Amino acid sequence: MKRLSALSITAVLAIAACGGGSGPPTQRPASVAPPASHAGQASQDPAATASTAPTGPVEITWLVGIAEDPDIDKQAQAQVQEFNDSHPNIQVKREALDNDQLRTILQTRIGAGDVDLFGGDTGPGFGGVYAKAGLLADLAPAYEKYGWETFDWAKARCTYAGVLSCVPGAVEEVGIYYNKTMFDEKSFEEPQTLEEFRTIMDAFKADGVTPLAFGNQPQWPAGHQFSMTLSNIIGREGLDEKLYGDSPWNDEDTVKAIDIYFREFQEAGYFPRDPNAVTYEDANALFYAGKAAMVPTGTWLVAEITDNTDFEVGFFPFPSIDGSKIAPPAGLGGGSFVAANSDNKDAAFEFLDWLLSDEVTKKWSLPVFNTIPAQPVDTTGVEVSPLFQQVLDDLAESSGETSDFGYNIDVLTPAGFNEQMFTGFQEVLNGTITPQEQADALQEEYQKAKAAGETLERP
Amino acid sequence: MTGSVASVSAGAFERITRRRGRVRGRRQTSWALVALFVGPSLALYVLFMIVPFIGTLQLSLSAWDGFAPEKTPVGLANYQALLGDEDFWRALSNNVVWAVIGTAAPIAIGLALAIVLWSGAGFRTGFRAIYFLPVILPVVVIGLVWGWIYNPLFGVLNTALEAVGLDDWSRGWLGDPDTALVAVLIAAIWSTFGFCVVMFLAGLQGIDLNLVDAAKVDGANAWQRFRHVLLPGIAPVFTFVLTITLVGAFSVFDIVYVMTRGGPGTATETMAGYAYKMAFNRNFAGYGSAISMVIAIISLVLAVALLRFRERGRTR
């Protein structure tokens, strides 16, 4: 019996003290697409770059969030191999992990000096926290040395307390993909107004087709949908006032943005049945299988959509709401950071420079990963899918950062606010809380974060 | 005489000294053996259990975002904050539900099946292996499989309900706050009852069959034999299984995370999930540690109480 007692106590300690199990999996999009092009750098010649490399072989450990599509992940690995083959003095070891898992182990790995380069969100909940803790290297010297032509707005997203701490990843936009064949059969055009959008969705619903494949089991997709409606209603200026000014998150406009998507659309039956129980992958699969007419998500999915559909796919921004401007959420999907304690910073910078080169952009970023760099892009001679070309055209002129675009809110807001978005929108969909209550809760979280100095400063 | 006494004494002293030397040698040998056998596992236990436990305790008394080089000591502030945290209490209440259903159900099912197998059912080894199979499956796999079963788009559960005309019953089981917790619990029960079967069966095999026969001769019916012969016979195993499942109920995390991530909303949020969320998603490592310590304290109190209760039963 004593042995049993001892065993039980041991088990209690073992189970309880370790806080509950192993790291979880995730379906959150990687958003850490390989950075892309830049024009006219001295480092385009591999031989030239190799000459500046350290004398002995250096191994860089690069931690990134895993891509949704295993094929894309394999291609990313092949891209790294190409760098390793052309740079014998630098060997990049790429480790792809679930994003949540990456978050869980990253700080420990950095502390152990085991990470040189890593990808992640540039917002206050990730990049901001690492910068505040002094874990990020100052990249300004590298920008100067290599002449990276990153857009100023993108550099601003990578700047924390005046220190330029990351290389922006891809520019992304959130919108709605649609099955062109289905639209053509019904002679539908891309909707310009919410009324037209409702008419289209009602028609598909009447045919037994899911109008909008929205899966919210992983919770984060709701943040993107909210970004679409709110960006349209109040535009970039209005969002700036909420993010950097004193405009509250529980005003009439915010409640309206929540109400339209999470109550009205849900009650109208535009989503798959019980979207809170539908995974992101299952929702996308509905679209790929032709069982849903549209899927609301971001441009990071272009490559996967192209690979998985045998019909023509189009992309349009969320339509105008009661005469509002159309301002689709756009911005940085993530960035690449160099650990402050890395012994191989120069090699990491060189690898980043290679990733940003025109050569790599034209060979990998645009045609393979379908990612749009946050810097001037020369697309001459690059063959891309019609869908990606449409996205490129949409974003090219403004680069996703003008008053024509809104924001993807969750990359700019603090962790507590995001958590409230994720859980609260599920509750609105369930009817457990009202849009007003969710807006109030968002406002409360934002105020708390603001008081704690966790919100972003106006760029 | 004196010389003789002296001679005897000297001989006795020599023998005693020699014997003591042997005893001391044996003692030294046995301590060395103890160190050899216990040392490595003790070292591992201290390194991977005690040290993290103390580390978590220290963290729970500090304010730390998980990144900053310095941790600010805050005394019991994290624990005080927990008292007023509605989300924490909601998570705790989910754990209580989990503890009641998630402990009672696998034990009841496991005990019933173990008795059936012990009573002479055929293919005992085969059934035992089948029942135990879910225990060896990774939790992620269990979560995914049950997620498919419950899937509102193509899940077999809804398909089956609709096939028998129970369309009104079909729903998104994991997306409905009224059913999500029970749905996850069922998956968890499925994954643990096999452990109970094997443990109870092992306990039952240790019972003296003469006692059962004697009870039969005395006219005891099946319930009376179960209540007064079998149950006391497997009491130590029963306590062990109860302790393990109960403690597991208060630290459950993985299956919930895989199936619902604590949602919809916070309908399936448990303390361990909330601790993870606070520590890693919201960067309140100190607060998350405080929640982990609460889990540890609840688990310890329950385990000690159960063992004391069992000990008292034995002495009576």
# chains A, B, ... in the order shown; residues from 1 in each chain; ligands from 1
call {"tool": "interface_residues", "arguments": {"of": "chain B", "to": "chain A", "cutoff": "8 Å", "atoms": "only C-alpha atoms", "output": "MDAnalysis selection string"}}
result
chainID B and resid 49 52:53 56 66:69 151:153 171:177 236 240 243:244 247:248 251:254 257:258 260:261 263:266 272:273 275:276 280:283 289 292:293 295:296 299:300 303:304 307
call {"tool": "select_by_dssp", "arguments": {"residues": "segment 268-344 of chain A", "states": "strand (DSSP E)", "output": "list in words"}}
result
Ala292, Ala293, Met294, Val295, Pro296, Thr297, Gly298, Val313, Gly314, Phe315, Phe316, Ala330, Gly331, Leu332, Gly335, Ser336, Phe337 and Val338 of chain A
call {"tool": "write_last_selection", "arguments": {"atoms": "N, CA and C atoms", "output": "CSV table (one decimal), in the first residue's frame"}}
result
chain,number,residue,atom,x,y,z
A,292,ALA,N,-18.6,24.5,-52.0
A,292,ALA,CA,-18.8,25.9,-51.5
A,292,ALA,C,-18.4,26.8,-52.7
A,293,ALA,N,-19.2,27.9,-52.8
A,293,ALA,CA,-18.9,28.8,-53.9
A,293,ALA,C,-17.8,29.8,-53.6
A,294,MET,N,-17.6,30.1,-52.4
A,294,MET,CA,-16.5,31.1,-52.0
A,294,MET,C,-15.8,30.6,-50.7
A,295,VAL,N,-14.6,31.1,-50.5
A,295,VAL,CA,-13.9,30.9,-49.3
A,295,VAL,C,-13.2,32.2,-48.9
A,296,PRO,N,-13.4,32.6,-47.7
A,296,PRO,CA,-12.8,33.9,-47.2
A,296,PRO,C,-11.5,33.6,-46.5
A,297,THR,N,-10.4,34.0,-47.1
A,297,THR,CA,-9.1,33.8,-46.5
A,297,THR,C,-8.1,34.8,-47.1
A,298,GLY,N,-6.8,34.5,-46.9
A,298,GLY,CA,-5.8,35.5,-47.4
A,298,GLY,C,-5.0,35.0,-48.6
A,313,VAL,N,-10.4,30.1,-60.5
A,313,VAL,CA,-10.7,30.8,-59.2
A,313,VAL,C,-10.4,32.3,-59.3
A,314,GLY,N,-11.3,33.1,-58.8
A,314,GLY,CA,-11.1,34.5,-58.8
A,314,GLY,C,-11.0,35.0,-57.3
A,315,PHE,N,-10.7,36.3,-57.2
A,315,PHE,CA,-10.5,36.8,-55.9
A,315,PHE,C,-11.0,38.2,-55.8
A,316,PHE,N,-11.9,38.5,-54.8
A,316,PHE,CA,-12.4,39.9,-54.7
A,316,PHE,C,-12.4,40.3,-53.3
A,330,ALA,N,-4.8,44.4,-45.5
A,330,ALA,CA,-3.5,44.0,-46.2
A,330,ALA,C,-2.4,44.4,-45.3
A,331,GLY,N,-1.3,43.8,-45.4
A,331,GLY,CA,-0.1,44.2,-44.6
A,331,GLY,C,0.9,43.1,-44.6
A,332,LEU,N,1.8,43.1,-43.6
A,332,LEU,CA,2.8,42.1,-43.5
A,332,LEU,C,2.3,40.8,-42.9
A,335,GLY,N,7.7,38.3,-40.4
A,335,GLY,CA,9.0,38.8,-40.7
A,335,GLY,C,10.1,37.8,-40.3
A,336,SER,N,11.4,38.1,-40.6
A,336,SER,CA,12.5,37.3,-40.2
A,336,SER,C,13.3,38.1,-39.2
A,337,PHE,N,13.6,37.4,-38.1
A,337,PHE,CA,14.4,38.1,-37.0
A,337,PHE,C,15.7,37.4,-36.8
A,338,VAL,N,16.7,38.1,-36.4
A,338,VAL,CA,18.0,37.5,-36.1
A,338,VAL,C,18.2,37.6,-34.6
call {"tool": "select_by_dssp", "arguments": {"residues": "segment 136-279 of chain B", "states": "alpha helix (DSSP H)", "output": "NGL selection string"}}
result
:B and (136 or 139-150 or 156-163 or 180-204 or 209-217 or 222-225 or 231-233 or 235-250 or 254-259 or 271-276)
call {"tool": "residues_around", "arguments": {"residues": "Ile234 of chain B", "least_positions_apart": "2", "cutoff": "8 Å", "atoms": "only C-alpha atoms", "output": "PyMOL selection string"}}
result
chain B and resi 200+203-204+207+230-232+236-238
call {"tool": "closest_residue", "arguments": {"among": "A:Thr193, A:Thr413, A:Thr229, A:Thr434", "to": "Glu457 of chain A", "atoms": "only C-alpha atoms"}}
result
A:Thr413
call {"tool": "residues_around", "arguments": {"residues": "segment 108-113 of chain B", "least_positions_apart": "2", "cutoff": "7 Å", "atoms": "only C-alpha atoms", "output": "list in words"}}
result
Ala104, Ala105, Pro106, Ile115, Val116, Leu117, Phe193, Gly194, Cys196, Val197 and Phe200 of chain B
call {"tool": "residues_around", "arguments": {"residues": "Glu312 of chain A", "least_positions_apart": "2", "cutoff": "9 Å", "atoms": "only C-alpha atoms", "output": "list in words"}}
result
Tyr178, Asn179, Lys180, Thr181, Thr306, Thr309, Asp310, Gly314, Pro386 and Leu387 of chain A
call {"tool": "closest_residue", "arguments": {"among": "B:Thr239, B:Val38, B:Leu44, B:Met271", "to": "Trp98 of chain B", "atoms": "only C-alpha atoms"}}
result
B:Met271
call {"tool": "residues_around", "arguments": {"residues": "segment 146-151 of chain A", "least_positions_apart": "3", "cutoff": "6 Å", "atoms": "only C-alpha atoms", "output": "ChimeraX atom specification"}}
result
/A:142-143,154,374-375
call {"tool": "write_last_selection", "arguments": {"atoms": "N, CA and C atoms", "output": "PDB file, in the first residue's frame"}}
result
ATOM      1  N   ALA A 142      22.823  45.838 -41.414  1.00  0.00           N
ATOM      2  CA  ALA A 142      22.660  44.922 -42.555  1.00  0.00           C
ATOM      3  C   ALA A 142      21.888  45.591 -43.683  1.00  0.00           C
ATOM      4  N   TYR A 143      20.846  46.341 -43.311  1.00  0.00           N
ATOM      5  CA  TYR A 143      20.090  47.084 -44.337  1.00  0.00           C
ATOM      6  C   TYR A 143      21.038  48.009 -45.098  1.00  0.00           C
ATOM      7  N   ALA A 154       6.839  48.993 -44.422  1.00  0.00           N
ATOM      8  CA  ALA A 154       7.131  47.642 -43.940  1.00  0.00           C
ATOM      9  C   ALA A 154       8.263  47.681 -42.909  1.00  0.00           C
ATOM     10  N   ALA A 374       7.846  42.710 -49.732  1.00  0.00           N
ATOM     11  CA  ALA A 374       7.556  44.075 -49.266  1.00  0.00           C
ATOM     12  C   ALA A 374       8.612  45.031 -49.789  1.00  0.00           C
ATOM     13  N   GLN A 375       8.849  44.960 -51.070  1.00  0.00           N
ATOM     14  CA  GLN A 375       9.823  45.831 -51.718  1.00  0.00           C
ATOM     15  C   GLN A 375       9.534  45.837 -53.213  1.00  0.00           C
TER      16      GLN A 375
END
call {"tool": "atom_distance", "arguments": {"atom1": "atom CA of Leu139 of chain A", "atom2": "atom CA of Ser165 of chain A"}}
result
5.3 Å
call {"tool": "residues_around", "arguments": {"residues": "Ala267 of chain B", "least_positions_apart": "6", "cutoff": "9 Å", "atoms": "only C-alpha atoms", "output": "ChimeraX atom specification"}}
result
/B:90-91,94,176-178,180-181
call {"tool": "atom_distance", "arguments": {"atom1": "atom CA of Gln77 of chain A", "atom2": "atom CA of Arg157 of chain A"}}
result
27.0 Å
call {"tool": "decode", "arguments": {"residues": "segment 126-139 of chain B", "atoms": "N, CA and C atoms", "output": "CSV table (one decimal), in the first residue's frame"}}
result
chain,number,residue,atom,x,y,z
B,126,GLY,N,-7.5,-11.4,-26.2
B,126,GLY,CA,-7.8,-10.6,-27.3
B,126,GLY,C,-8.6,-9.4,-26.9
B,127,PHE,N,-9.6,-9.6,-26.1
B,127,PHE,CA,-10.4,-8.4,-25.7
B,127,PHE,C,-9.6,-7.4,-24.9
B,128,ARG,N,-8.7,-8.0,-24.0
B,128,ARG,CA,-7.8,-7.1,-23.2
B,128,ARG,C,-7.0,-6.2,-24.1
B,129,ALA,N,-6.4,-6.8,-25.2
B,129,ALA,CA,-5.6,-6.1,-26.1
B,129,ALA,C,-6.4,-5.0,-26.8
B,130,ILE,N,-7.7,-5.4,-27.2
B,130,ILE,CA,-8.5,-4.5,-28.0
B,130,ILE,C,-8.9,-3.3,-27.1
B,131,TYR,N,-9.3,-3.6,-25.8
B,131,TYR,CA,-9.7,-2.5,-24.9
B,131,TYR,C,-8.5,-1.6,-24.6
B,132,PHE,N,-7.3,-2.2,-24.6
B,132,PHE,CA,-6.1,-1.4,-24.2
B,132,PHE,C,-5.6,-0.6,-25.4
B,133,LEU,N,-6.0,-0.9,-26.6
B,133,LEU,CA,-5.5,-0.3,-27.8
B,133,LEU,C,-5.6,1.3,-27.8
B,134,PRO,N,-6.8,1.8,-27.4
B,134,PRO,CA,-6.8,3.3,-27.4
B,134,PRO,C,-5.8,4.0,-26.5
B,135,VAL,N,-5.4,3.2,-25.4
B,135,VAL,CA,-4.5,3.8,-24.4
B,135,VAL,C,-3.2,4.1,-25.1
B,136,ILE,N,-2.8,3.2,-26.0
B,136,ILE,CA,-1.4,3.4,-26.6
B,136,ILE,C,-1.4,4.4,-27.8
B,137,LEU,N,-2.6,4.8,-28.2
B,137,LEU,CA,-2.7,5.7,-29.3
B,137,LEU,C,-2.3,7.1,-28.9
B,138,PRO,N,-1.6,7.9,-29.7
B,138,PRO,CA,-1.3,9.2,-29.3
B,138,PRO,C,-2.5,10.1,-29.2
B,139,VAL,N,-2.5,11.0,-28.2
B,139,VAL,CA,-3.7,11.8,-28.0
B,139,VAL,C,-4.1,12.6,-29.2
